[in-house]
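Reproduced below: final.cif, with mmCIF, C-alpha atoms and all ligand atoms.
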data_work
loop_
_atom_site.label_atom_id
_atom_site.label_comp_id
_atom_site.auth_asym_id
_atom_site.auth_seq_id
_atom_site.Cartn_x
_atom_site.Cartn_y
_atom_site.Cartn_z
CA MET R 9 4.70 7.43 24.48
CA ALA R 10 5.07 5.50 21.23
CA LEU R 11 5.28 7.56 18.08
CA ASP R 12 3.46 6.85 14.88
CA THR R 13 6.06 5.94 12.28
CA LEU R 14 4.37 7.79 9.42
CA THR R 15 3.69 11.19 10.91
CA GLY R 16 5.48 11.31 14.25
CA GLN R 17 2.15 11.85 15.99
CA GLU R 18 1.65 10.51 19.47
CA ASN R 19 -0.36 7.31 19.53
CA VAL R 20 -3.77 8.08 20.92
CA VAL R 21 -6.25 5.48 22.06
CA ILE R 22 -9.60 6.06 20.39
CA PRO R 23 -12.38 4.65 22.60
CA GLN R 24 -14.66 2.04 21.04
CA PRO R 25 -18.22 1.96 22.38
CA PRO R 26 -19.97 -1.37 23.13
CA ALA R 27 -21.83 -3.14 20.31
CA ASP R 28 -25.27 -2.18 21.60
CA ALA R 29 -24.55 1.55 22.05
CA PRO R 30 -26.68 3.84 19.84
CA ILE R 31 -25.06 4.43 16.45
CA GLN R 32 -24.47 8.06 15.45
CA PHE R 33 -23.95 9.14 11.85
CA PHE R 34 -21.17 11.48 13.09
CA ASP R 35 -20.04 11.69 16.71
CA LEU R 36 -18.42 15.00 17.62
CA LYS R 37 -19.24 14.55 21.31
CA ALA R 38 -17.07 11.44 21.66
CA GLN R 39 -14.20 13.23 19.96
CA GLN R 40 -14.69 16.27 22.18
CA ALA R 41 -14.06 14.17 25.27
CA LEU R 42 -10.56 13.50 23.91
CA VAL R 43 -9.60 17.08 23.06
CA ARG R 44 -11.73 19.19 25.39
CA SER R 45 -9.20 19.91 28.13
CA LYS R 46 -6.56 20.88 25.57
CA VAL R 47 -9.00 23.12 23.70
CA GLU R 48 -10.02 24.80 26.95
CA ALA R 49 -6.38 25.45 27.77
CA ARG R 50 -5.99 26.99 24.29
CA PHE R 51 -8.94 29.34 24.95
CA THR R 52 -7.22 30.53 28.10
CA THR R 53 -3.95 31.14 26.26
CA ILE R 54 -5.68 33.10 23.50
CA LEU R 55 -7.78 35.14 25.93
CA ASP R 56 -4.52 35.96 27.73
CA HIS R 57 -2.46 36.98 24.68
CA GLY R 58 -5.47 38.67 23.03
CA ARG R 59 -4.41 38.18 19.37
CA HIS R 60 -7.76 36.78 18.29
CA ILE R 61 -6.92 37.41 14.65
CA GLY R 62 -3.46 36.55 13.32
CA GLY R 63 -2.21 35.02 16.56
CA PRO R 64 0.67 32.52 16.74
CA GLU R 65 -1.89 29.71 16.42
CA VAL R 66 -2.31 30.57 12.72
CA ASP R 67 1.37 30.01 11.91
CA GLU R 68 1.36 26.91 14.11
CA LEU R 69 -1.52 25.31 12.22
CA GLU R 70 -0.06 26.22 8.83
CA GLN R 71 3.26 24.66 9.83
CA LYS R 72 1.57 21.50 11.09
CA LEU R 73 -0.51 21.15 7.94
CA CYS R 74 2.69 21.28 5.88
CA GLU R 75 4.40 18.73 8.12
CA PHE R 76 1.46 16.37 7.90
CA THR R 77 0.68 16.64 4.19
CA GLY R 78 4.07 17.43 2.70
CA ALA R 79 2.69 20.62 1.10
CA ALA R 80 5.31 23.35 0.60
CA ASP R 81 3.03 25.90 2.25
CA ALA R 82 -0.42 26.15 3.79
CA VAL R 83 -2.63 29.19 4.31
CA ALA R 84 -5.39 29.02 6.91
CA VAL R 85 -8.61 30.71 5.76
CA GLY R 86 -12.14 31.32 7.00
CA SER R 87 -13.91 28.44 5.24
CA GLY R 88 -13.58 25.75 2.61
CA THR R 89 -15.44 28.01 0.19
CA GLN R 90 -12.84 30.76 0.69
CA ALA R 91 -10.16 28.12 0.16
CA LEU R 92 -11.54 27.62 -3.36
CA VAL R 93 -12.42 31.23 -4.26
CA MET R 94 -9.08 32.70 -3.18
CA PRO R 95 -6.83 30.61 -5.48
CA LEU R 96 -9.10 31.50 -8.42
CA ILE R 97 -8.73 35.20 -7.53
CA ALA R 98 -4.96 34.73 -7.16
CA LEU R 99 -4.76 33.14 -10.60
CA GLY R 100 -6.57 36.17 -12.01
CA TYR R 101 -9.63 34.38 -13.34
CA GLY R 102 -12.81 36.29 -13.99
CA HIS R 103 -15.28 37.10 -16.72
CA GLY R 104 -15.13 34.66 -19.65
CA ASP R 105 -12.81 32.19 -17.91
CA ALA R 106 -14.06 28.61 -17.77
CA VAL R 107 -13.37 26.40 -14.76
CA PHE R 108 -14.31 22.73 -15.19
CA ILE R 109 -16.03 21.19 -12.17
CA PRO R 110 -17.92 17.93 -11.62
CA GLY R 111 -21.70 18.22 -11.70
CA PHE R 112 -22.04 15.95 -8.67
CA THR R 113 -20.57 17.73 -5.66
CA TYR R 114 -21.53 20.16 -2.91
CA ASN R 115 -22.90 23.52 -4.11
CA ALA R 116 -19.84 25.38 -2.79
CA THR R 117 -17.69 24.13 -5.68
CA ALA R 118 -19.87 25.96 -8.23
CA ASN R 119 -20.35 28.98 -5.98
CA ALA R 120 -16.60 29.39 -5.60
CA VAL R 121 -16.16 29.61 -9.38
CA LEU R 122 -19.04 32.06 -9.77
CA LEU R 123 -17.95 34.23 -6.82
CA ALA R 124 -14.54 34.59 -8.48
CA GLY R 125 -16.39 35.89 -11.56
CA ALA R 126 -15.55 32.86 -13.72
CA THR R 127 -17.90 30.39 -15.41
CA PRO R 128 -18.41 26.82 -14.16
CA VAL R 129 -18.49 24.17 -16.87
CA PHE R 130 -19.99 20.95 -15.60
CA VAL R 131 -18.21 17.67 -16.27
CA ASP R 132 -19.89 14.31 -15.80
CA VAL R 133 -18.75 11.92 -13.06
CA ASP R 134 -17.94 8.23 -13.24
CA PRO R 135 -20.57 6.57 -11.00
CA ALA R 136 -18.04 3.86 -10.05
CA THR R 137 -15.76 6.39 -8.30
CA PHE R 138 -18.33 9.21 -7.85
CA ASN R 139 -15.56 11.47 -9.17
CA MET R 140 -14.88 13.59 -12.27
CA CYS R 141 -14.66 11.52 -15.44
CA PRO R 142 -11.39 12.40 -17.27
CA ILE R 143 -12.88 11.35 -20.64
CA ASP R 144 -15.85 13.68 -20.30
CA LEU R 145 -13.47 16.37 -19.03
CA GLU R 146 -11.57 16.32 -22.31
CA LYS R 147 -14.84 16.42 -24.24
CA GLN R 148 -16.01 19.50 -22.31
CA ILE R 149 -12.65 21.24 -22.78
CA LYS R 150 -12.83 20.68 -26.55
CA ALA R 151 -16.37 22.09 -26.58
CA VAL R 152 -15.22 25.23 -24.71
CA LYS R 153 -12.23 25.63 -27.04
CA ALA R 154 -14.70 25.77 -29.93
CA ARG R 155 -16.58 28.68 -28.29
CA ARG R 156 -15.70 32.35 -28.66
CA ASP R 157 -17.22 33.53 -25.39
CA LEU R 158 -15.17 31.34 -23.00
CA ARG R 159 -11.48 30.63 -22.39
CA ALA R 160 -10.63 27.23 -20.85
CA ARG R 161 -8.51 28.05 -17.79
CA ALA R 162 -8.64 25.59 -14.91
CA ILE R 163 -9.98 22.30 -13.62
CA MET R 164 -11.42 21.96 -10.12
CA PRO R 165 -11.68 18.23 -9.41
CA VAL R 166 -13.49 17.26 -6.20
CA ASP R 167 -12.29 14.37 -4.02
CA LEU R 168 -15.79 13.18 -3.30
CA TYR R 169 -16.39 11.61 0.12
CA GLY R 170 -12.62 11.56 0.66
CA MET R 171 -11.54 9.65 -2.44
CA PRO R 172 -8.90 11.65 -4.34
CA ALA R 173 -9.98 12.38 -7.92
CA ASP R 174 -8.01 10.72 -10.72
CA TYR R 175 -5.17 13.27 -10.70
CA HIS R 176 -3.02 11.15 -13.03
CA ALA R 177 -5.53 11.26 -15.87
CA ILE R 178 -6.81 14.76 -15.05
CA GLY R 179 -3.21 16.04 -14.84
CA GLN R 180 -2.48 14.69 -18.31
CA VAL R 181 -5.54 16.42 -19.73
CA ALA R 182 -4.60 19.64 -17.90
CA ASP R 183 -1.07 19.52 -19.33
CA SER R 184 -2.18 18.88 -22.88
CA TYR R 185 -4.58 21.87 -22.84
CA GLY R 186 -2.44 24.16 -20.66
CA LEU R 187 -4.94 24.30 -17.78
CA ARG R 188 -4.27 24.79 -14.06
CA ILE R 189 -5.64 22.50 -11.35
CA VAL R 190 -7.25 23.86 -8.19
CA ALA R 191 -8.35 20.78 -6.25
CA ASP R 192 -11.46 20.81 -4.06
CA GLY R 193 -10.20 18.68 -1.20
CA ALA R 194 -12.91 19.88 1.20
CA GLN R 195 -13.92 16.28 1.93
CA SER R 196 -10.60 14.51 1.56
CA PHE R 197 -8.12 15.55 4.23
CA GLY R 198 -6.34 12.29 5.07
CA GLY R 199 -6.73 10.83 1.59
CA ARG R 200 -3.63 9.73 -0.32
CA GLN R 201 -2.56 9.07 -3.88
CA SER R 202 0.68 7.53 -5.12
CA GLY R 203 2.25 8.00 -1.68
CA LYS R 204 1.25 11.67 -1.33
CA TRP R 205 -1.28 13.09 1.10
CA VAL R 206 -4.12 15.30 -0.11
CA GLY R 207 -2.59 18.77 0.02
CA ALA R 208 0.54 17.65 -1.81
CA ILE R 209 -1.05 15.79 -4.73
CA ALA R 210 -2.29 18.78 -6.76
CA GLU R 211 -0.46 22.10 -7.15
CA ILE R 212 -3.23 23.88 -5.20
CA THR R 213 -5.74 22.23 -2.85
CA GLY R 214 -8.50 23.86 -0.82
CA THR R 215 -9.86 22.03 2.21
CA SER R 216 -12.62 22.70 4.73
CA PHE R 217 -12.60 22.51 8.53
CA TYR R 218 -16.41 22.42 8.77
CA PRO R 219 -17.08 20.57 12.06
CA THR R 220 -18.14 17.24 10.51
CA LYS R 221 -15.19 16.99 8.12
CA ALA R 222 -12.53 14.39 8.89
CA LEU R 223 -10.40 17.28 10.19
CA GLY R 224 -12.97 19.74 11.48
CA GLY R 225 -13.01 22.70 13.86
CA TYR R 226 -15.70 24.01 16.15
CA GLY R 227 -16.98 26.48 13.59
CA ASP R 228 -16.02 27.48 10.06
CA GLY R 229 -12.48 27.28 8.73
CA GLY R 230 -10.40 25.98 5.89
CA ALA R 231 -6.92 25.96 4.38
CA ILE R 232 -5.21 26.20 1.03
CA MET R 233 -2.23 23.91 0.60
CA THR R 234 0.16 24.45 -2.26
CA THR R 235 3.39 23.23 -3.78
CA ASP R 236 4.39 26.87 -4.48
CA LYS R 237 5.54 29.10 -1.62
CA ASP R 238 5.32 32.31 -3.71
CA PHE R 239 1.71 31.52 -4.52
CA ALA R 240 1.03 31.09 -0.79
CA GLU R 241 2.32 34.63 -0.15
CA ILE R 242 -0.14 36.00 -2.72
CA LEU R 243 -2.90 34.11 -0.93
CA ARG R 244 -1.81 35.63 2.42
CA SER R 245 -2.17 39.07 0.85
CA ILE R 246 -5.60 38.21 -0.62
CA ARG R 247 -6.62 36.85 2.80
CA TRP R 248 -6.15 40.35 4.21
CA HIS R 249 -7.90 42.48 1.53
CA GLY R 250 -5.01 42.24 -0.90
CA THR R 251 -2.67 44.25 1.30
CA ASP R 252 1.11 44.40 1.27
CA ALA R 253 3.28 43.05 4.09
CA ASP R 254 2.30 45.96 6.40
CA ARG R 255 -1.36 45.01 5.91
CA LYS R 256 -2.28 48.64 5.12
CA ILE R 257 -2.01 49.35 1.39
CA SER R 258 -3.94 47.10 -1.00
CA VAL R 259 -1.76 45.98 -3.89
CA ARG R 260 -4.46 43.70 -5.33
CA VAL R 261 -8.12 43.00 -4.73
CA GLY R 262 -8.69 40.68 -1.80
CA ILE R 263 -11.21 39.68 0.82
CA ASN R 264 -11.41 38.98 4.52
CA GLY R 265 -10.29 35.38 4.23
CA ARG R 266 -8.79 34.97 7.69
CA CYS R 267 -9.15 32.05 10.07
CA ASP R 268 -9.51 33.03 13.77
CA SER R 269 -6.71 32.15 16.18
CA ILE R 270 -9.18 30.09 18.23
CA GLN R 271 -10.28 28.02 15.24
CA CYS R 272 -6.65 27.42 14.22
CA ALA R 273 -5.84 26.22 17.76
CA ILE R 274 -8.79 23.82 17.75
CA VAL R 275 -7.89 22.34 14.37
CA SER R 276 -4.30 22.09 15.50
CA GLU R 277 -5.33 20.04 18.55
CA LYS R 278 -7.48 17.80 16.37
CA LEU R 279 -4.63 17.33 13.91
CA ASP R 280 -2.63 15.82 16.79
CA ILE R 281 -5.11 12.92 17.03
CA PHE R 282 -5.90 12.77 13.32
CA GLN R 283 -3.67 9.85 12.44
CA ALA R 284 -5.17 7.68 15.18
CA GLU R 285 -8.65 8.69 14.07
CA ARG R 286 -7.80 7.91 10.47
CA THR R 287 -6.68 4.42 11.45
CA ARG R 288 -10.13 3.82 12.95
CA ARG R 289 -11.87 5.14 9.83
CA VAL R 290 -9.81 2.74 7.70
CA SER R 291 -10.67 -0.22 9.99
CA ILE R 292 -14.40 0.53 9.86
CA ALA R 293 -14.26 0.91 6.07
CA ALA R 294 -12.49 -2.47 5.83
CA ILE R 295 -15.40 -4.10 7.68
CA TYR R 296 -17.97 -2.39 5.46
CA GLU R 297 -16.06 -3.25 2.29
CA GLU R 298 -15.58 -6.89 3.17
CA ARG R 299 -19.13 -7.47 4.33
CA LEU R 300 -20.98 -5.40 1.76
CA ALA R 301 -19.06 -6.33 -1.41
CA GLY R 302 -21.47 -7.78 -3.95
CA LYS R 303 -24.50 -6.65 -1.90
CA VAL R 304 -24.33 -2.94 -2.70
CA GLU R 305 -22.12 -1.10 -5.21
CA LEU R 306 -19.10 0.20 -3.31
CA GLN R 307 -17.16 3.36 -4.24
CA GLN R 308 -14.23 2.24 -6.42
CA ALA R 309 -10.76 3.69 -5.85
CA THR R 310 -9.22 5.99 -8.44
CA PRO R 311 -5.75 4.77 -9.59
CA GLY R 312 -3.20 4.69 -6.76
CA SER R 313 -5.60 6.20 -4.22
CA GLU R 314 -6.24 5.58 -0.54
CA HIS R 315 -9.60 6.88 0.64
CA GLY R 316 -9.74 9.46 3.43
CA TYR R 317 -13.18 8.07 4.45
CA GLY R 318 -14.68 11.43 5.32
CA LEU R 319 -17.89 9.68 4.30
CA PHE R 320 -18.64 6.08 3.35
CA THR R 321 -21.02 6.10 0.42
CA VAL R 322 -22.48 3.30 -1.67
CA HIS R 323 -24.97 2.98 -4.52
CA VAL R 324 -28.14 1.26 -3.42
CA GLU R 325 -31.33 0.44 -5.32
CA GLY R 326 -34.61 1.48 -3.74
CA ARG R 327 -32.75 3.96 -1.56
CA ASP R 328 -35.72 5.56 0.19
CA THR R 329 -37.15 2.22 1.33
CA VAL R 330 -33.73 0.96 2.39
CA ARG R 331 -33.08 4.13 4.41
CA ALA R 332 -36.47 4.01 6.12
CA GLN R 333 -35.97 0.38 7.14
CA LEU R 334 -32.43 1.03 8.34
CA SER R 335 -33.70 3.92 10.42
CA GLU R 336 -36.23 1.59 12.09
CA LEU R 337 -33.31 -0.66 12.99
CA GLY R 338 -31.48 2.29 14.56
CA ILE R 339 -29.03 2.86 11.71
CA PRO R 340 -28.79 6.50 10.59
CA THR R 341 -27.90 7.24 6.96
CA ALA R 342 -27.60 10.39 4.85
CA ILE R 343 -27.77 11.39 1.21
CA TYR R 344 -24.95 13.39 -0.35
CA TYR R 345 -26.49 14.48 -2.79
CA ASP R 346 -29.97 13.96 -4.15
CA THR R 347 -29.79 16.83 -6.66
CA PRO R 348 -26.84 17.28 -9.00
CA LEU R 349 -25.73 20.88 -9.51
CA HIS R 350 -26.87 21.16 -13.12
CA ARG R 351 -30.44 20.58 -11.93
CA MET R 352 -30.34 23.38 -9.33
CA GLU R 353 -32.02 26.68 -10.15
CA ALA R 354 -28.95 28.77 -9.34
CA TYR R 355 -26.83 26.95 -11.92
CA ALA R 356 -29.48 26.48 -14.62
CA PRO R 357 -27.56 28.70 -17.09
CA TYR R 358 -24.69 26.17 -17.01
CA ASN R 359 -26.84 23.07 -17.50
CA PRO R 360 -25.36 21.28 -20.54
CA ALA R 361 -27.81 20.43 -23.32
CA GLU R 362 -26.57 16.84 -23.49
CA GLY R 363 -27.16 16.31 -19.76
CA LEU R 364 -24.92 14.60 -17.19
CA PRO R 365 -26.12 10.98 -16.93
CA GLY R 366 -23.40 9.91 -14.48
CA CYS R 367 -24.36 12.72 -12.08
CA ASP R 368 -28.05 11.83 -12.37
CA ALA R 369 -27.29 8.16 -11.63
CA CYS R 370 -25.29 9.06 -8.50
CA ALA R 371 -28.00 11.40 -7.23
CA GLN R 372 -30.54 8.58 -7.49
CA SER R 373 -28.65 5.91 -5.60
CA ALA R 374 -25.96 7.46 -3.33
CA MET R 375 -26.42 6.55 0.32
CA SER R 376 -23.90 7.27 3.08
CA LEU R 377 -23.48 4.95 6.07
CA PRO R 378 -22.28 6.00 9.53
CA MET R 379 -18.55 6.78 9.34
CA HIS R 380 -16.50 8.29 12.15
CA PRO R 381 -13.59 7.18 14.33
CA TYR R 382 -15.75 6.64 17.41
CA LEU R 383 -17.72 3.77 15.89
CA SER R 384 -16.57 0.39 17.21
CA ASP R 385 -15.91 -2.63 15.01
CA ALA R 386 -18.91 -4.30 16.64
CA GLN R 387 -21.12 -1.34 15.73
CA ALA R 388 -19.83 -1.42 12.15
CA HIS R 389 -20.87 -5.08 12.02
CA ARG R 390 -24.31 -4.07 13.33
CA VAL R 391 -24.62 -1.62 10.41
CA CYS R 392 -23.76 -4.46 8.00
CA ASP R 393 -26.16 -6.90 9.70
CA ALA R 394 -28.97 -4.38 9.38
CA LEU R 395 -28.20 -3.55 5.76
CA GLU R 396 -28.02 -7.24 4.82
CA LYS R 397 -31.35 -7.81 6.52
CA VAL R 398 -33.00 -4.86 4.78
CA LEU R 399 -31.57 -5.78 1.36
CA GLY R 400 -32.81 -9.36 1.85
CA SER R 401 -36.31 -8.14 2.63
CA THR R 402 -36.51 -5.58 -0.22
CA LYS R 403 -35.47 -8.06 -2.94
C1 LIG L 1 -16.96 19.39 -1.86
C2 LIG L 1 -17.03 20.61 -1.01
N1 LIG L 1 -16.50 21.76 -1.46
C3 LIG L 1 -16.52 22.88 -0.72
C4 LIG L 1 -17.08 22.91 0.53
C5 LIG L 1 -17.14 24.20 1.27
O1 LIG L 1 -16.61 24.17 2.54
P1 LIG L 1 -17.13 25.19 3.67
O2 LIG L 1 -18.49 24.73 4.10
O3 LIG L 1 -16.12 25.05 4.75
O4 LIG L 1 -17.16 26.54 3.07
C6 LIG L 1 -17.64 21.74 1.06
C7 LIG L 1 -18.25 21.73 2.40
O5 LIG L 1 -19.11 21.00 2.73
C8 LIG L 1 -17.62 20.56 0.27
O6 LIG L 1 -18.14 19.42 0.71
#
Just give me the structure as structure tokens.
Amino acid sequence: MALDTLTGQENVVIPQPPADAPIQFFDLKAQQALVRSKVEARFTTILDHGRHIGGPEVDELEQKLCEFTGAADAVAVGSGTQALVMPLIALGYGHGDAVFIPGFTYNATANAVLLAGATPVFVDVDPATFNMCPIDLEKQIKAVKARRDLRARAIMPVDLYGMPADYHAIGQVADSYGLRIVADGAQSFGGRQSGKWVGAIAEITGTSFYPTKALGGYGDGGAIMTTDKDFAEILRSIRWHGTDADRKISVRVGINGRCDSIQCAIVSEKLDIFQAERTRRVSIAAIYEERLAGKVELQQATPGSEHGYGLFTVHVEGRDTVRAQLSELGIPTAIYYDTPLHRMEAYAPYNPAEGLPGCDACAQSAMSLPMHPYLSDAQAHRVCDALEKVLGSTK
């Protein structure tokens, strides 16, 4: 079998449904057909060896994640949320420590900071990229530096929809203020920047294996990838209640952050077809980008980035009407997200007085189109035909 030159993965043929087949927003069933027999064989192996927690599948997945991404080490954990909380615990953050996060992201980013005992400080996003604005970041850091009740500690950029945040600019800001970076790569496995895969771009990256992610399991899971092997060992201790190598005596505070052997095996099987799936995502995105340029506002790339296309999201005016009409034409869409975090009740204490206009703008107009590897080119064209038709009629 031919080998992929970039990753050494076996070339896999991803089936493309006919043009008139129903269009799914995600399609886990089609993917399952490709991996099911291997996953079933894995179940049998795990039922036979009986190490449901901490089995050899955990090491195997961690090794494969390093090989794929170029990270020095990877630690499999129970969810993407744990993959963000645990590094903050490992870095010793808690009461009075400020962690800068974008205000337009999934709720888990803020929850991770709060669960670690630290304080989220919202940063505005650039609507063009949907990602953290480095200029506003610096402004928010200066504001925290002027306060007595908070210490500026870390930045948690989010690679929204799969587009890596602007790590060049954010890294410069982090260096000049002595802050650490813990990247929220929950949506961006398969994204790249300046020749590096997500997982090897920032010093610490948390990702999620939630089933609909580009690399997803059949349940909850996640991983922390890091450039620092010693840090990974601390995370392995935290993953098991902060215990020492014998897993009996706690030498630090930790949690149950483990990923089941079964989940690791499933993600491992899916990683084997990931490169082929990614190629399909990139092809579909190319169709969308070529056909929709100038008709809707596309997500712009951050410097040096290649999108992971976990989601394909655009800004569209009159979103509710557009979505309703697309739905009538058989095109499913979704909104990620219609409420920015600073407007949610749980995070009201962190709502900045000056507001977050970029986050508000994104929440008003973000609309995600179907994006998964099991969409054919012809179906992607059908999505564009329908959107063109709807936009023409709503003008
Ligand atoms: C940006 C972001 N951060 C964190 C998470 C949390 O991941 P999990 O659901 O695996 O805990 C998600 C999951 O949707 C996410 O999209």
* Asked: Ala240 in chain R: which residues within 12 Å, counting only C-alpha atoms, same-chain residues fewer than 4 positions away excluded, as a list in words?
  ->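 Here the answer would be Glu70, Cys74, Ala79, Ala80, Asp81, Ala82, Val83, Ala84, Val85, Ala91, Met94, Pro95, Ala98, Leu99, Glu211, Ile212, Thr213, Gly214, Ala231, Ile232, Met233, Thr234, Thr235, Asp236, Arg244, Ser245, Ile246 and Arg247 of chain R.
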Mind writing the picked residues with C-alpha atoms as a PDB file, in the coordinates of the input?
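The result, stored in selection08.pdb:
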ATOM      1  CA  GLU R  70      -0.060  26.220   8.830  1.00  0.00           C
ATOM      2  CA  CYS R  74       2.690  21.280   5.880  1.00  0.00           C
ATOM      3  CA  ALA R  79       2.690  20.620   1.100  1.00  0.00           C
ATOM      4  CA  ALA R  80       5.310  23.350   0.600  1.00  0.00           C
ATOM      5  CA  ASP R  81       3.030  25.900   2.250  1.00  0.00           C
ATOM      6  CA  ALA R  82      -0.420  26.150   3.790  1.00  0.00           C
ATOM      7  CA  VAL R  83      -2.630  29.190   4.310  1.00  0.00           C
ATOM      8  CA  ALA R  84      -5.390  29.020   6.910  1.00  0.00           C
ATOM      9  CA  VAL R  85      -8.610  30.710   5.760  1.00  0.00           C
ATOM     10  CA  ALA R  91     -10.160  28.120   0.160  1.00  0.00           C
ATOM     11  CA  MET R  94      -9.080  32.700  -3.180  1.00  0.00           C
ATOM     12  CA  PRO R  95      -6.830  30.610  -5.480  1.00  0.00           C
ATOM     13  CA  ALA R  98      -4.960  34.730  -7.160  1.00  0.00           C
ATOM     14  CA  LEU R  99      -4.760  33.140 -10.600  1.00  0.00           C
ATOM     15  CA  GLU R 211      -0.460  22.100  -7.150  1.00  0.00           C
ATOM     16  CA  ILE R 212      -3.230  23.880  -5.200  1.00  0.00           C
ATOM     17  CA  THR R 213      -5.740  22.230  -2.850  1.00  0.00           C
ATOM     18  CA  GLY R 214      -8.500  23.860  -0.820  1.00  0.00           C
ATOM     19  CA  ALA R 231      -6.920  25.960   4.380  1.00  0.00           C
ATOM     20  CA  ILE R 232      -5.210  26.200   1.030  1.00  0.00           C
ATOM     21  CA  MET R 233      -2.230  23.910   0.600  1.00  0.00           C
ATOM     22  CA  THR R 234       0.160  24.450  -2.260  1.00  0.00           C
ATOM     23  CA  THR R 235       3.390  23.230  -3.780  1.00  0.00           C
ATOM     24  CA  ASP R 236       4.390  26.870  -4.480  1.00  0.00           C
ATOM     25  CA  ARG R 244      -1.810  35.630   2.420  1.00  0.00           C
ATOM     26  CA  SER R 245      -2.170  39.070   0.850  1.00  0.00           C
ATOM     27  CA  ILE R 246      -5.600  38.210  -0.620  1.00  0.00           C
ATOM     28  CA  ARG R 247      -6.620  36.850   2.800  1.00  0.00           C
TER      29      ARG R 247
END
Near range 115-122 of chain R, within 7 Å and counting only C-alpha atoms, which residues show up once chain neighbours fewer than 3 positions away are dropped, as a ChimeraX atom specification? /R:89,92-93,107,125-128,349
Margin query: List as a PyMOL selection string the protein and nucleic acid residues lying within 6 Å of ligand LIG 1 (chain L), with all atoms listed in the file counted.
Written below: chain R and resi 87-89+113-114+116-117+166+192+194-195+216-218+228-230
Self-check item: Atomic distance CA of Val304 in chain R - CA of Asp174 in chain R, expressed in Å with one decimal
Solution: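 Result for CA of Val304 in chain R versus CA of Asp174 in chain R: 22.7 Å, one decimal.
Minimum distance to Gln387 in chain R across R:Leu42, R:Val131, R:Ile292, R:Ile209 (counting all atoms listed in the file) occurs at R:Ile292.
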Item to complete: For Glu65 in chain R, please output as a list in words all residues within 6 Å (counting all atoms listed in the file; exclusion window: fewer than 5 positions along the same chain).
Response: Ser269, Cys272 and Ala273 of chain R
Go ahead and dump the residues you just picked, C-alpha atoms, as a short mmCIF file (atom, residue, chain, number, x, y, z; two decimals), in the frame of the given file.
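File written: part-v6.cif
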data_model
loop_
_atom_site.label_atom_id
_atom_site.label_comp_id
_atom_site.auth_asym_id
_atom_site.auth_seq_id
_atom_site.Cartn_x
_atom_site.Cartn_y
_atom_site.Cartn_z
CA SER R 269 -6.71 32.15 16.18
CA CYS R 272 -6.65 27.42 14.22
CA ALA R 273 -5.84 26.22 17.76
#
Write out, as a tab-separated table, each residue of range 102-139 of chain R that has an atom at most 12 Å from range 320-342 of chain R, together with the closest pair of atoms and their distance in Å to one decimal, counting only C-alpha atoms, rows going by chain and rising number.
residue	atom	partner	partner_atom	distance
R:Pro135	CA	R:His323	CA	8.6
R:Ala136	CA	R:His323	CA	8.9
R:Thr137	CA	R:Val322	CA	9.9
R:Phe138	CA	R:Thr321	CA	9.2
Padding 8 Å on every side, please: axis-aligned box over the listed atoms of range 240-250 of chain R, centre and edge lengths to one decimal in Å, as AutoDock Vina command-line options.
--center_x -2.8 --center_y 36.8 --center_z 0.7 --size_x 26.2 --size_y 27.4 --size_z 22.9
* Distance criterion (all atoms listed in the file): nearest to Glu314 in chain R out of R:Pro26, R:Pro110, R:Gly170, R:Gly199 ->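 The answer is R:Gly199, which sits nearest to Glu314 in chain R.
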